[in-house]
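*Asks:* Below is entry38.txt; it holds compact mmCIF, C-alpha atoms.
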```txt
# COMPACT_ATOMS: atom_id res chain seq x y z
CA MET A 1 0.00 0.00 0.00
CA ASN A 2 1.34 3.40 -0.97
CA GLN A 3 1.54 5.79 2.02
CA ARG A 4 0.83 9.44 1.23
CA GLU A 5 0.36 12.36 3.55
CA TRP A 6 -3.31 13.17 4.05
CA SER A 7 -4.76 16.64 3.73
CA ALA A 8 -8.23 18.05 4.24
CA SER A 9 -10.13 21.03 2.90
CA PRO A 10 -13.21 22.42 4.64
CA VAL A 11 -16.22 23.34 2.52
CA PHE A 12 -18.12 26.42 3.75
CA GLY A 13 -21.68 27.11 2.59
CA VAL A 14 -22.01 30.81 1.75
CA PRO A 15 -24.62 33.09 0.15
CA SER A 16 -22.08 34.66 -2.25
CA VAL A 17 -19.25 32.39 -3.35
CA ARG A 18 -17.31 35.08 -5.22
CA GLU A 19 -17.56 37.55 -2.33
CA ALA A 20 -16.31 34.93 0.15
CA ALA A 21 -13.43 33.87 -2.11
CA GLU A 22 -12.39 37.48 -2.73
CA TYR A 23 -12.49 38.17 1.02
CA TYR A 24 -10.16 35.24 1.66
CA ARG A 25 -7.88 36.55 -1.10
CA ASP A 26 -7.88 40.21 -0.05
CA VAL A 27 -8.11 39.95 3.74
CA LEU A 28 -6.78 36.52 4.69
CA GLY A 29 -4.07 36.34 2.03
CA PHE A 30 -5.16 33.19 0.19
CA GLY A 31 -4.54 32.81 -3.51
CA LEU A 32 -7.50 32.90 -5.86
CA ASP A 33 -7.18 31.75 -9.44
CA PRO A 34 -10.15 33.03 -11.50
CA ALA A 35 -10.43 29.50 -12.92
CA ASP A 36 -11.26 28.30 -9.40
CA VAL A 37 -14.53 30.28 -9.27
CA PHE A 38 -17.17 28.19 -11.01
CA GLN A 39 -20.02 30.12 -12.59
CA PRO A 40 -21.97 27.69 -14.75
CA SER A 41 -24.52 30.22 -15.98
CA PRO A 42 -25.09 33.99 -16.15
CA GLU A 43 -27.89 33.54 -13.59
CA GLU A 44 -25.21 32.79 -10.96
CA PRO A 45 -23.02 35.94 -11.09
CA GLY A 46 -21.54 35.17 -7.68
CA GLY A 47 -20.53 31.69 -8.73
CA VAL A 48 -21.61 28.39 -7.22
CA TYR A 49 -18.27 26.99 -6.06
CA ALA A 50 -14.78 28.36 -5.47
CA ILE A 51 -11.46 27.31 -3.99
CA VAL A 52 -8.90 29.56 -2.31
CA LYS A 53 -5.40 28.30 -1.61
CA ARG A 54 -2.37 28.84 0.55
CA PRO A 55 0.50 26.35 0.47
CA GLY A 56 -0.88 23.21 2.14
CA ALA A 57 -4.29 24.72 2.91
CA TRP A 58 -7.29 24.95 0.58
CA ILE A 59 -10.73 26.23 1.58
CA HIS A 60 -13.77 25.56 -0.61
CA PHE A 61 -16.93 27.65 -0.83
CA GLN A 62 -20.25 26.26 -2.01
CA ILE A 63 -23.36 28.30 -2.77
CA ARG A 64 -26.01 28.24 -0.06
CA ARG A 65 -29.19 29.54 -1.65
CA GLU A 66 -31.37 29.33 1.44
CA LYS A 67 -30.79 31.57 4.43
CA SER A 68 -28.92 29.84 7.24
CA PRO A 69 -30.39 29.87 10.72
CA PRO A 70 -28.58 32.19 13.13
CA ARG A 71 -25.72 30.48 14.93
CA VAL A 72 -25.41 30.61 18.68
CA ARG A 73 -21.82 29.73 19.45
CA VAL A 74 -19.51 29.69 22.39
CA LYS A 75 -16.18 31.45 22.04
CA ILE A 76 -14.12 28.32 21.48
CA GLU A 77 -16.11 26.88 18.56
CA LEU A 78 -14.14 26.75 15.32
CA ASP A 79 -14.91 25.81 11.73
CA ALA A 80 -11.40 25.10 10.44
CA TYR A 81 -7.88 24.76 11.82
CA VAL A 82 -4.86 25.56 9.65
CA TYR A 83 -1.33 24.67 10.73
CA VAL A 84 1.25 27.35 9.86
CA ASP A 85 4.97 27.94 10.39
CA ASP A 86 4.88 31.55 11.64
CA VAL A 87 1.69 32.50 13.43
CA ASP A 88 3.12 35.84 14.62
CA GLY A 89 4.08 36.85 11.07
CA LEU A 90 0.65 35.80 9.84
CA TYR A 91 -0.99 37.78 12.66
CA ALA A 92 0.88 40.94 11.63
CA ASP A 93 -0.09 40.42 7.98
CA LEU A 94 -3.76 39.78 8.78
CA GLN A 95 -3.94 42.83 11.04
CA ARG A 96 -2.52 44.95 8.22
CA ARG A 97 -5.15 43.53 5.84
CA GLY A 98 -8.00 44.33 8.26
CA ALA A 99 -8.98 40.80 9.34
CA VAL A 100 -11.34 40.34 12.26
CA VAL A 101 -9.07 38.74 14.85
CA LEU A 102 -11.01 37.11 17.68
CA GLN A 103 -7.91 35.81 19.46
CA SER A 104 -4.39 37.17 19.14
CA PRO A 105 -1.56 34.60 19.13
CA ILE A 106 -1.20 32.80 22.46
CA VAL A 107 0.30 29.50 23.55
CA MET A 108 -2.50 27.09 24.33
CA PRO A 109 -2.36 24.39 27.05
CA TYR A 110 -2.02 21.73 24.33
CA GLY A 111 1.27 23.20 23.10
CA LEU A 112 0.29 25.17 20.00
CA ARG A 113 0.62 28.91 19.54
CA GLU A 114 -2.56 29.95 17.80
CA MET A 115 -4.78 32.79 16.72
CA VAL A 116 -8.42 32.85 15.58
CA VAL A 117 -10.08 34.99 12.91
CA GLU A 118 -13.70 35.32 11.84
CA ASP A 119 -14.63 35.83 8.21
CA LEU A 120 -17.43 37.88 6.65
CA ASN A 121 -19.87 34.94 6.96
CA GLY A 122 -19.10 34.22 10.62
CA TYR A 123 -16.83 31.22 10.00
CA ARG A 124 -14.00 30.95 12.51
CA VAL A 125 -10.60 29.81 11.35
CA ALA A 126 -7.74 29.09 13.76
CA PHE A 127 -4.13 29.27 12.63
CA GLY A 128 -1.66 27.45 14.85
CA GLU A 129 1.98 26.49 14.97
CA PHE A 130 3.82 23.92 17.03
CA VAL A 131 6.10 25.43 19.67
CA ASP A 132 9.17 23.84 21.18
```
Could I get this structure in the form of structure tokens?
*Replies:*
Amino acid sequence: MNQREWSASPVFGVPSVREAAEYYRDVLGFGLDPADVFQPSPEEPGGVYAIVKRPGAWIHFQIRREKSPPRVRVKIELDAYVYVDDVDGLYADLQRRGAVVLQSPIVMPYGLREMVVEDLNGYRVAFGEFVD
């Protein structure tokens, strides 16, 4: 059996795929190739599916045509966790870009230094790095 490293990509349901993807590009620093925004017909100007990428981390957006119920969440609830090499450098970059930072970088009891951001649709993404 061939052993390969696994990877995962969350899929977020959003009302405007293009707007979400452009937010991740402009504010969270992900790459966005125009070919990765799928707009099968002119009736879907915001697209129906998109993928944003950073090295080793892809996030997918899928159209959600019906309104989502309001979420009641406790502070620690997350939607995605991305492992990074330099959380402090990322923090400085995201602050400069105007990201909504819910938690500045801190060392957690489980040994990761992490920060948490919230996107324009209320999804929470943690970025963490292993500390020695």
*Asks:* Report the distance between atom CA of Arg113 of chain A and atom CA of Glu129 of chain A in Å, rounded to one decimal place.
*Replies:*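 Pair atom CA of Arg113 of chain A / atom CA of Glu129 of chain A returns 5.3 Å.
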*Asks:* Provide the atom CA of Glu118 of chain A to atom CA of Tyr91 of chain A distance in Å, to one decimal place.
*Replies:*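 Pair atom CA of Glu118 of chain A / atom CA of Tyr91 of chain A returns 13.0 Å.
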*Asks:* I'd like to know which of A:Val125, A:Val84, A:Leu28, A:Ile51 is closest to Arg96 of chain A, using only C-alpha atoms.
*Replies:*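 Using only C-alpha atoms, Arg96 of chain A sits closest to A:Leu28.
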*Asks:* So which one's closest to Asp79 of chain A, A:Val117, A:Ala21, A:Leu32, A:Val27? Using only C-alpha atoms, please.
*Replies:*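 The closest residue to Asp79 of chain A is A:Val117.
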*Asks:* Using all atoms listed in the file, which protein or nucleic acid residues come within 7 Å of Arg64 of chain A? Drop anything in the same chain fewer than 3 positions from it, and give the result as a list in words.
*Replies:* Gly13, Val14 and Pro15 of chain A
*Asks:* Work out how far apart atom CA of Ser16 of chain A and atom CA of Met115 of chain A are and give it in Å to one decimal.
*Replies:*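 Separating atom CA of Ser16 of chain A from atom CA of Met115 of chain A is a distance of 25.7 Å.
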*Asks:* Calculated over all atoms listed in the file, which of the candidates A:Tyr23, A:Trp58, A:Tyr123, A:Phe130 has the smallest distance to Ser7 of chain A?
*Replies:*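 With all atoms listed in the file as the atom set, the closest residue is A:Trp58.
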*Asks:* Would you list the contacts of Gln62 of chain A as a PyMOL selection string, taking every protein, DNA or RNA residue within 8 Å and counting only C-alpha atoms, but skipping same-chain residues closer than 6 positions in sequence?
*Replies:* chain A and resi 11-14+17+48-50
*Asks:* So which residues fall inside 9 Å of (-7.6, 38.7, 4.7) if we count only C-alpha atoms? Mind giving them as a list in words?
*Replies:*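 Residues lying no farther than 9 Å from the given point: Glu22, Tyr23, Tyr24, Arg25, Asp26, Val27, Leu28, Gly29, Phe30, Asp93, Leu94, Gln95, Arg96, Arg97, Gly98, Ala99, Val100 and Asp119 of chain A.
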*Asks:* Can you tell me which residues surround Tyr83 of chain A at a distance of at most 10 Å, considering all atoms listed in the file, apart from same-chain residues fewer than 6 positions away, and format the answer as a PyMOL selection string?
*Replies:* chain A and resi 56-57+112-114+126-130
*Asks:* Out of A:Val101, A:Ala20, A:Ala92, A:Ile59, which residue has the shortest atom-to-atom distance to Val116 of chain A when counting all atoms listed in the file?
*Replies:*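 Smallest separation from Val116 of chain A among the options: A:Val101.
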*Asks:* Taking into account all atoms listed in the file, which residue in the set A:Ala35, A:Val131, A:Val74, A:Gly122 is nearest to Asp88 of chain A?
*Replies:*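 Nearest to Asp88 of chain A: A:Val131.
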